[in-house]
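Heads up, final.csv below (CSV, C-alpha atoms):
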chain,number,residue,atom,x,y,z
M,16,MET,CA,23.3,-5.3,8.3
M,17,LYS,CA,22.2,-1.7,8.6
M,18,PHE,CA,20.7,0.6,6.1
M,19,SER,CA,19.5,4.1,6.0
M,20,VAL,CA,16.4,5.1,4.0
M,21,THR,CA,15.7,8.7,3.2
M,22,VAL,CA,12.2,9.5,2.0
M,23,THR,CA,11.4,12.9,0.4
M,24,LEU,CA,8.5,14.4,-1.4
M,25,LYS,CA,8.7,14.3,-5.1
M,26,LYS,CA,9.8,17.4,-6.9
M,27,ASP,CA,6.4,18.5,-8.1
M,28,VAL,CA,4.6,17.9,-4.8
M,29,LEU,CA,4.1,20.9,-2.6
M,30,ASP,CA,6.1,20.7,0.7
M,31,PRO,CA,4.5,23.3,3.0
M,32,GLN,CA,6.5,22.3,6.0
M,33,GLY,CA,9.8,22.6,4.1
M,34,LYS,CA,8.6,26.0,2.9
M,35,VAL,CA,7.9,27.2,6.4
M,36,VAL,CA,11.3,26.0,7.7
M,37,GLN,CA,13.0,27.7,4.7
M,38,ASN,CA,11.2,31.0,5.3
M,39,THR,CA,12.1,30.9,9.0
M,40,LEU,CA,15.8,30.3,8.2
M,41,VAL,CA,15.8,33.2,5.7
M,42,ASN,CA,14.2,35.4,8.3
M,43,MET,CA,16.9,34.4,10.7
M,44,GLY,CA,19.5,35.8,8.3
M,45,MET,CA,20.5,32.7,6.4
M,46,SER,CA,20.4,34.6,3.2
M,47,LYS,CA,22.4,32.2,1.0
M,48,LEU,CA,19.7,29.5,1.5
M,49,LYS,CA,18.2,28.4,-1.8
M,50,SER,CA,15.7,25.8,-0.9
M,51,ILE,CA,14.7,23.2,1.7
M,52,ARG,CA,12.7,20.0,1.2
M,53,GLN,CA,11.7,18.2,4.4
M,54,GLY,CA,11.7,14.4,4.5
M,55,LYS,CA,11.8,11.3,6.7
M,56,HIS,CA,14.7,9.1,7.7
M,57,PHE,CA,14.6,5.4,8.7
M,58,GLU,CA,17.5,3.2,10.1
M,59,ILE,CA,16.8,-0.4,9.3
M,60,ASP,CA,18.7,-3.4,10.7
M,61,VAL,CA,18.2,-6.6,8.7
M,62,GLU,CA,19.4,-10.0,9.7
M,63,GLU,CA,21.2,-10.9,6.5
M,64,ASN,CA,24.8,-11.4,5.4
M,65,ASP,CA,24.4,-10.9,1.7
M,66,ILE,CA,24.2,-7.2,0.7
M,67,PRO,CA,22.0,-7.6,-2.5
M,68,SER,CA,19.4,-9.7,-0.8
M,69,ALA,CA,19.4,-7.4,2.3
M,70,GLU,CA,18.9,-4.4,0.0
M,71,LYS,CA,16.1,-6.3,-1.8
M,72,LYS,CA,14.3,-6.8,1.6
M,73,VAL,CA,14.7,-3.1,2.5
M,74,ASP,CA,13.4,-2.1,-1.0
M,75,GLU,CA,10.4,-4.3,-0.4
M,76,MET,CA,9.7,-2.6,2.9
M,77,CYS,CA,9.9,0.8,1.3
M,78,LYS,CA,7.5,-0.2,-1.6
M,79,LYS,CA,5.0,-2.0,0.6
M,80,LEU,CA,4.8,0.4,3.6
M,81,LEU,CA,7.4,3.0,4.2
M,82,VAL,CA,6.9,5.1,1.1
M,83,ASN,CA,3.9,6.4,-0.7
M,84,LEU,CA,5.1,6.1,-4.2
M,85,ILE,CA,2.5,8.6,-5.5
M,86,ILE,CA,4.1,11.5,-3.7
M,87,GLU,CA,7.4,10.3,-2.3
M,88,ASP,CA,10.9,9.2,-3.6
M,89,TYR,CA,13.4,7.2,-1.5
M,90,LYS,CA,17.0,6.4,-1.4
M,91,ILE,CA,18.6,3.3,0.3
M,92,LYS,CA,22.1,3.5,1.6
M,93,LYS,CA,24.2,0.9,3.5
M,94,ILE,CA,25.6,2.2,6.7
Q,24,MET,CA,-29.6,-3.1,4.7
Q,25,LYS,CA,-26.6,-4.5,6.7
Q,26,SER,CA,-23.6,-2.3,7.5
Q,27,SER,CA,-20.3,-2.9,9.2
Q,28,VAL,CA,-18.1,-0.2,10.7
Q,29,ILE,CA,-14.5,-1.1,11.0
Q,30,VAL,CA,-12.8,0.1,14.2
Q,31,PHE,CA,-9.1,0.7,14.5
Q,32,PRO,CA,-7.2,1.9,17.6
Q,33,GLY,CA,-7.5,5.6,17.3
Q,34,SER,CA,-10.8,5.7,15.3
Q,35,ASN,CA,-13.0,8.4,16.9
Q,36,CYS,CA,-15.9,8.8,14.6
Q,37,ASP,CA,-17.0,5.1,14.7
Q,38,ARG,CA,-19.8,5.8,17.2
Q,39,ASP,CA,-21.0,8.8,15.3
Q,40,ILE,CA,-21.4,6.9,12.1
Q,41,ALA,CA,-23.0,3.9,14.0
Q,42,VAL,CA,-25.6,6.3,15.4
Q,43,ALA,CA,-26.3,7.8,12.0
Q,44,LEU,CA,-26.6,4.4,10.3
Q,45,GLU,CA,-29.0,3.1,13.0
Q,46,LYS,CA,-31.0,6.3,12.8
Q,47,MET,CA,-31.4,5.5,9.1
Q,48,GLN,CA,-32.5,2.0,9.9
Q,49,PHE,CA,-29.3,0.2,8.8
Q,50,LYS,CA,-28.6,-3.0,10.7
Q,51,ASN,CA,-25.1,-2.1,11.9
Q,52,GLN,CA,-22.3,-4.1,13.4
Q,53,MET,CA,-18.9,-2.8,14.7
Q,54,VAL,CA,-15.9,-4.8,13.5
Q,55,TRP,CA,-12.6,-4.7,15.3
Q,56,HIS,CA,-9.6,-4.5,13.0
Q,57,LYS,CA,-8.1,-7.7,14.3
Q,58,GLN,CA,-11.0,-9.8,13.1
Q,59,THR,CA,-10.3,-11.8,10.1
Q,60,LYS,CA,-13.9,-12.4,9.0
Q,61,LEU,CA,-16.4,-9.7,8.0
Q,62,PRO,CA,-20.0,-10.2,8.8
Q,63,LYS,CA,-22.2,-10.3,5.7
Q,64,SER,CA,-22.5,-6.6,4.8
Q,65,ASP,CA,-24.1,-4.5,2.0
Q,66,LEU,CA,-22.1,-1.5,3.2
Q,67,ILE,CA,-18.7,-1.3,4.9
Q,68,VAL,CA,-17.8,2.0,6.5
Q,69,ILE,CA,-14.2,3.0,7.4
Q,70,PRO,CA,-14.8,5.8,9.9
Q,71,GLY,CA,-12.9,9.0,10.7
Q,72,GLY,CA,-10.3,9.4,13.5
Q,73,PHE,CA,-6.6,9.1,13.9
Q,74,SER,CA,-6.0,5.4,13.4
Q,75,TYR,CA,-2.6,4.4,14.9
Q,76,GLY,CA,-2.0,8.0,15.8
Q,77,ASP,CA,-1.4,8.9,12.1
Q,78,TYR,CA,2.0,7.3,12.5
Q,79,LEU,CA,4.1,7.1,9.3
Q,80,ARG,CA,1.3,8.6,7.2
Q,81,SER,CA,-2.4,9.1,7.9
Q,82,GLY,CA,-4.0,5.7,7.2
Q,83,ALA,CA,-0.8,3.9,6.3
Q,84,ILE,CA,-0.8,1.4,9.2
Q,85,ALA,CA,-4.5,0.8,9.3
Q,86,GLY,CA,-4.3,0.2,5.5
Q,87,LYS,CA,-2.2,-3.0,6.3
Q,88,SER,CA,-4.3,-4.4,9.1
Q,89,LEU,CA,-5.8,-7.9,9.1
Q,90,ILE,CA,-9.4,-6.9,8.4
Q,91,ILE,CA,-8.4,-4.8,5.4
Q,92,ASP,CA,-7.7,-7.9,3.2
Q,93,GLU,CA,-11.4,-8.8,3.8
Q,94,VAL,CA,-12.5,-5.3,2.9
Q,95,ILE,CA,-10.5,-5.4,-0.3
Q,96,LYS,CA,-12.1,-8.8,-1.2
Q,97,ALA,CA,-15.6,-7.4,-0.5
Q,98,ALA,CA,-14.8,-4.2,-2.5
Q,99,ASN,CA,-13.7,-6.2,-5.5
Q,100,SER,CA,-16.9,-8.3,-5.4
Q,101,GLY,CA,-19.0,-5.1,-5.5
Q,102,CYS,CA,-19.8,-4.4,-1.8
Q,103,LEU,CA,-20.4,-0.7,-1.2
Q,104,ILE,CA,-17.5,0.9,0.7
Q,105,LEU,CA,-17.7,4.4,2.3
Q,106,GLY,CA,-14.5,5.9,3.7
Q,107,ILE,CA,-14.9,9.2,5.7
Q,108,CYS,CA,-12.0,11.4,6.6
Q,109,ASN,CA,-9.3,9.0,8.0
Q,110,GLY,CA,-11.4,6.3,6.2
Q,111,PHE,CA,-10.7,8.1,2.9
Q,112,GLN,CA,-7.0,8.3,3.8
Q,113,ILE,CA,-7.0,4.5,4.6
Q,114,LEU,CA,-8.7,3.7,1.3
Q,115,THR,CA,-6.0,5.5,-0.6
Q,116,GLU,CA,-3.3,3.7,1.4
Q,117,THR,CA,-4.9,0.3,0.5
Q,118,GLY,CA,-5.0,1.2,-3.2
Q,119,LEU,CA,-8.8,0.8,-3.4
Q,120,LEU,CA,-8.9,4.5,-4.3
Q,121,LYS,CA,-6.1,6.2,-6.2
Q,122,GLY,CA,-4.5,9.5,-5.1
Q,123,THR,CA,-3.5,10.5,-1.6
Q,124,LEU,CA,-4.3,13.2,1.0
Q,125,LEU,CA,-1.5,15.6,1.8
Q,126,ARG,CA,-1.1,18.0,4.7
Q,127,ASN,CA,-3.6,21.0,4.5
Q,128,LYS,CA,-2.1,23.8,2.5
Q,129,ASN,CA,-2.1,26.2,5.5
Q,130,LEU,CA,-0.6,23.5,7.8
Q,131,LYS,CA,-3.5,23.8,10.2
Q,132,PHE,CA,-6.0,21.4,11.5
Q,133,ILE,CA,-9.3,22.6,10.2
Q,134,ASN,CA,-12.6,21.9,12.0
Q,135,ARG,CA,-15.5,23.9,10.6
Q,136,ASP,CA,-18.6,23.7,8.5
Q,137,ILE,CA,-17.8,24.3,4.8
Q,138,TYR,CA,-19.8,23.9,1.5
Q,139,ILE,CA,-19.5,21.2,-1.1
Q,140,LYS,CA,-21.2,20.7,-4.4
Q,141,VAL,CA,-22.7,17.4,-5.6
Q,142,MET,CA,-20.9,16.6,-8.8
Q,143,ASN,CA,-22.4,13.3,-9.8
Q,144,ASN,CA,-25.8,12.1,-8.5
Q,145,ASN,CA,-25.9,9.1,-10.7
Q,146,THR,CA,-24.5,6.7,-8.1
Q,147,LYS,CA,-25.7,4.5,-5.3
Q,148,PHE,CA,-24.3,7.0,-2.8
Q,149,THR,CA,-25.7,10.2,-4.2
Q,150,HIS,CA,-28.9,9.6,-6.2
Q,151,LYS,CA,-31.1,11.3,-3.5
Q,152,TYR,CA,-29.2,14.5,-4.1
Q,153,LYS,CA,-29.6,16.8,-7.1
Q,154,ASN,CA,-26.5,17.5,-9.3
Q,155,ASP,CA,-24.9,20.8,-8.4
Q,156,GLN,CA,-26.8,20.7,-5.0
Q,157,ILE,CA,-24.8,22.6,-2.4
Q,158,LEU,CA,-24.4,21.0,1.0
Q,159,LYS,CA,-23.2,22.6,4.3
Q,160,ILE,CA,-21.1,20.0,5.9
Q,161,ASN,CA,-18.4,19.7,8.6
Q,162,ILE,CA,-14.7,19.0,8.0
Q,163,ALA,CA,-12.2,18.1,10.7
Q,164,HIS,CA,-8.8,17.2,9.4
Q,165,ASN,CA,-5.1,18.0,9.1
Q,166,GLU,CA,-4.4,16.0,6.0
Q,167,GLY,CA,-7.2,16.6,3.5
Q,168,ASN,CA,-5.4,18.1,0.6
Q,169,PHE,CA,-6.3,15.7,-2.2
Q,170,PHE,CA,-3.5,15.0,-4.6
Q,171,THR,CA,-3.1,12.7,-7.6
Q,172,ASP,CA,-1.2,12.4,-10.9
Q,173,GLN,CA,-2.4,14.1,-14.0
Q,174,LYS,CA,-3.6,10.9,-15.6
Q,175,HIS,CA,-5.8,10.0,-12.7
Q,176,LEU,CA,-7.2,13.5,-12.5
Q,177,GLU,CA,-8.2,13.3,-16.2
Q,178,GLU,CA,-9.8,9.9,-15.5
Q,179,LEU,CA,-11.7,11.4,-12.6
Q,180,LYS,CA,-13.1,14.2,-14.8
Q,181,LYS,CA,-13.8,12.1,-17.9
Q,182,GLU,CA,-15.5,9.2,-16.1
Q,183,ASN,CA,-17.5,11.5,-13.7
Q,184,LEU,CA,-15.7,10.0,-10.6
Q,185,ILE,CA,-15.6,13.2,-8.6
Q,186,ALA,CA,-18.3,13.0,-6.0
Q,187,PHE,CA,-18.0,16.4,-4.3
Q,188,LYS,CA,-16.1,19.6,-4.7
Q,189,TYR,CA,-15.4,22.3,-2.1
Q,190,CYS,CA,-17.3,25.5,-3.1
Q,191,ASP,CA,-18.6,28.7,-1.4
Q,192,GLU,CA,-22.2,29.3,-0.3
Q,193,LYS,CA,-23.3,30.2,-3.8
Q,194,GLY,CA,-21.5,27.2,-5.3
Q,195,ASP,CA,-18.6,29.0,-6.8
Q,196,PHE,CA,-15.1,27.5,-6.9
Q,197,ASN,CA,-12.4,29.9,-5.8
Q,198,GLU,CA,-9.3,29.8,-3.7
Q,199,ASP,CA,-11.1,30.9,-0.6
Q,200,SER,CA,-13.7,28.1,-0.9
Q,201,ASN,CA,-11.0,25.4,-1.1
Q,202,PRO,CA,-10.2,25.0,2.7
Q,203,ASN,CA,-7.2,22.6,2.4
Q,204,GLY,CA,-5.8,23.2,-1.1
Q,205,SER,CA,-7.1,20.1,-2.7
Q,206,LEU,CA,-6.4,19.5,-6.3
Q,207,ASP,CA,-9.3,20.8,-8.4
Q,208,HIS,CA,-11.3,21.4,-5.2
Q,209,ILE,CA,-11.9,17.7,-4.8
Q,210,ALA,CA,-13.6,16.7,-1.6
Q,211,GLY,CA,-14.6,13.1,-2.5
Q,212,ILE,CA,-14.1,10.6,-5.2
Q,213,PHE,CA,-15.4,7.3,-6.5
Q,214,ASN,CA,-13.5,4.3,-7.8
Q,215,ALA,CA,-14.1,3.3,-11.5
Q,216,ASN,CA,-17.0,1.0,-10.5
Q,217,LYS,CA,-18.5,3.6,-8.3
Q,218,ASN,CA,-19.0,1.1,-5.4
Q,219,ILE,CA,-16.4,2.9,-3.3
Q,220,LEU,CA,-16.7,6.5,-2.1
Q,221,GLY,CA,-14.0,8.3,-0.2
Q,222,MET,CA,-14.7,11.8,1.2
Q,223,MET,CA,-13.0,14.1,3.7
Q,224,PRO,CA,-16.2,15.9,4.9
Q,225,HIS,CA,-18.4,14.2,7.6
Q,226,PRO,CA,-21.9,13.3,6.4
Q,227,GLU,CA,-22.6,11.4,9.6
Q,228,ARG,CA,-22.4,14.7,11.5
Q,229,MET,CA,-25.2,16.2,9.4
Q,230,VAL,CA,-28.1,13.9,10.0
Q,231,ASP,CA,-29.9,15.7,12.8
Q,232,GLU,CA,-31.3,19.2,12.9
Q,233,VAL,CA,-30.8,19.4,16.7
Q,234,VAL,CA,-27.0,19.2,16.5
Q,235,SER,CA,-26.4,20.5,12.9
Q,236,ASN,CA,-28.4,20.1,9.8
Q,237,LYS,CA,-29.6,17.2,7.7
Q,238,ASP,CA,-27.5,17.8,4.6
Q,239,GLY,CA,-25.7,14.4,5.0
Q,240,ALA,CA,-28.9,12.4,5.4
Q,241,ASN,CA,-29.5,11.8,1.7
Q,242,LEU,CA,-26.2,10.0,1.4
Q,243,PHE,CA,-27.4,7.3,3.7
Q,244,LEU,CA,-31.0,7.4,2.3
Q,245,SER,CA,-29.4,6.9,-1.2
Q,246,LEU,CA,-27.6,3.8,0.0
Q,247,LEU,CA,-30.9,2.4,1.5
Q,248,ASN,CA,-32.8,2.4,-1.8
When written as structure tokens, how does the structure in this file appear?
Amino acid sequence: MKFSVTVTLKKDVLDPQGKVVQNTLVNMGMSKLKSIRQGKHFEIDVEENDIPSAEKKVDEMCKKLLVNLIIEDYKIKKI
Amino acid sequence: MKSSVIVFPGSNCDRDIAVALEKMQFKNQMVWHKQTKLPKSDLIVIPGGFSYGDYLRSGAIAGKSLIIDEVIKAANSGCLILGICNGFQILTETGLLKGTLLRNKNLKFINRDIYIKVMNNNTKFTHKYKNDQILKINIAHNEGNFFTDQKHLEELKKENLIAFKYCDEKGDFNEDSNPNGSLDHIAGIFNANKNILGMMPHPERMVDEVVSNKDGANLFLSLLN
């Protein structure tokens, strides 16, 4: 069972990389661009048939290692 | 005084700190991260470097290694722990120190001598310094931008847990003297019991006038007495 996990910096944490990417796109003429926040993406394959228990395992992985909860938020999605 | 330096794949300041400790008459041992037992130590040092290539986040993988369980046990029973640079990042990832280190505000790796001010000399790590003493010391990092939540920042201030702050040569705090954008200019912090110190600057590089200065020496001399 496969899941995607998206990790992004929390709203009030400065994201200098996102800012640089944003400025570059604006300089390239993408004038409608409002904002960009850069993040990380994981694809996780779990050997499990039951969706809730697989999700629980992925959530545990996020909390214990993949995400730094002080500065990052995450979203789990089944794919 | 017995010290242990923990070595991870990618540590690169482990020999420097060992040389500094031995120069100061510590009886030092190097401990590989896969060991499950720590030698009896009065001081454990987590050195600088790029453990596990900074994969995932700086210090994240090293923070889950086998030896870290022993370091956490030792820390909780009062052993002195010093984390320098990547060592500071690892200590925040283990939860032994709160907060985290973000990418430098200017997105550049910074390697140069800067100034820091001693904010609390009433600790086992800093009592040989004077309060407000200004030290010239080297930094070499890409993720040194200290960040924490408001509650922890208040606690750091109220309980005197800020060890060092970035300043200029005269000791003033301003944007130019904060090389990496750290919250409140913070360069190093203690835990609540003050037996753990995490700092981004490298005191082990400042123990010999031939190569630099001796502004870091009093940190090790403090620990000895």
At a cut-off of 12 Å, can you tabulate as CSV every residue of chain M near chain Q together with its closest atom pair and the distance in Å to one decimal, using all atoms listed in the file and ordering rows by chain then number?
residue,atom,partner,partner_atom,distance
M:Val22,CA,Q:Leu79,CA,11.2
M:Leu24,CA,Q:Leu125,CA,10.6
M:Lys25,CA,Q:Asp172,CA,11.6
M:Asp27,CA,Q:Asp172,CA,10.1
M:Val28,CA,Q:Phe170,CA,8.6
M:Leu29,CA,Q:Lys128,CA,8.5
M:Asp30,CA,Q:Arg126,CA,8.7
M:Pro31,CA,Q:Lys128,CA,6.6
M:Gln32,CA,Q:Leu130,CA,7.4
M:Gly33,CA,Q:Leu130,CA,11.1
M:Lys34,CA,Q:Leu130,CA,10.7
M:Val35,CA,Q:Leu130,CA,9.4
M:Gly54,CA,Q:Leu79,CA,11.6
M:Lys55,CA,Q:Leu79,CA,9.1
M:His56,CA,Q:Leu79,CA,10.9
M:Phe57,CA,Q:Leu79,CA,10.7
M:Cys77,CA,Q:Leu79,CA,11.7
M:Lys78,CA,Q:Glu116,CA,11.9
M:Lys79,CA,Q:Lys87,CA,9.2
M:Leu80,CA,Q:Ala83,CA,7.1
M:Leu81,CA,Q:Leu79,CA,7.3
M:Val82,CA,Q:Leu79,CA,8.9
M:Asn83,CA,Q:Glu116,CA,8.0
M:Leu84,CA,Q:Thr123,CA,10.0
M:Ile85,CA,Q:Gly122,CA,7.1
M:Ile86,CA,Q:Thr123,CA,7.9
M:Glu87,CA,Q:Thr123,CA,10.9
Shell of 12 Å around Asn203 of chain Q, all atoms listed in the file, local chain residues under 4 positions omitted, as an MDAnalysis selection string:
(chainID M and resid 31) or (chainID Q and resid 124:135 137 162:170 188:190 198:199 207:210 223:224)
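Rounded to one decimal, atom CA of Val73 of chain M and atom CA of Ile90 of chain Q lie 25.1 Å from each other.
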From the list M:Ile51, M:Ile66, M:Val36, M:Val41, the nearest residue to Lys92 of chain M using only C-alpha atoms is M:Ile66
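Contact shell of Ala69 of chain M at 12 Å (all atoms listed in the file; same-chain neighbours under 2 positions omitted): Met16, Lys17, Phe18, Ile59, Asp60, Val61, Glu62, Glu63, Asn64, Asp65, Ile66, Pro67, Lys71, Lys72, Val73, Asp74, Glu75, Met76, Ile91, Lys92 and Lys93 of chain M.
Our summary of the geometry notes that atom CA of Pro226 of chain Q is positioned 12.0 Å from atom CA of Val42 of chain Q.
Of the listed residues (Q:Ala43, Q:Ile29, Q:Leu206, Q:Cys36), Q:Ile29 comes nearest to Trp55 of chain Q; the distances count all atoms listed in the file.
We find atom CA of Gly110 of chain Q and atom CA of Gly71 of chain Q to be spaced 5.5 Å apart.
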Nearby residues (all atoms listed in the file) at most 9 Å from Met24 of chain Q, same-chain spacing under 2 positions excluded, as a ChimeraX atom specification:
/Q:26,48-51,64-66,246-247
Taking (-27.6, 5.5, -5.0) in the file's coordinates as the center, which residues reach within 6 Å of it, counting only C-alpha atoms, put as a PyMOL selection string?
chain Q and resi 146-150+245-246
Give me the residues within 9 Å of Glu192 of chain Q as an NGL selection string, counting all atoms listed in the file and dropping any in the same chain fewer than 5 places off.
:Q and (137-139 or 157-159 or 200)
Write out as a PyMOL selection string which residues come within 7 Å of Ala186 of chain Q when counting all atoms listed in the file, dropping same-chain ones fewer than 6 positions away.
chain Q and resi 141-143+211-213
Across Q:Gln173, Q:Asn236, Q:Asn109, Q:Thr59, the smallest distance to Ser81 of chain Q, with only C-alpha atoms counted, is shown by Q:Asn109
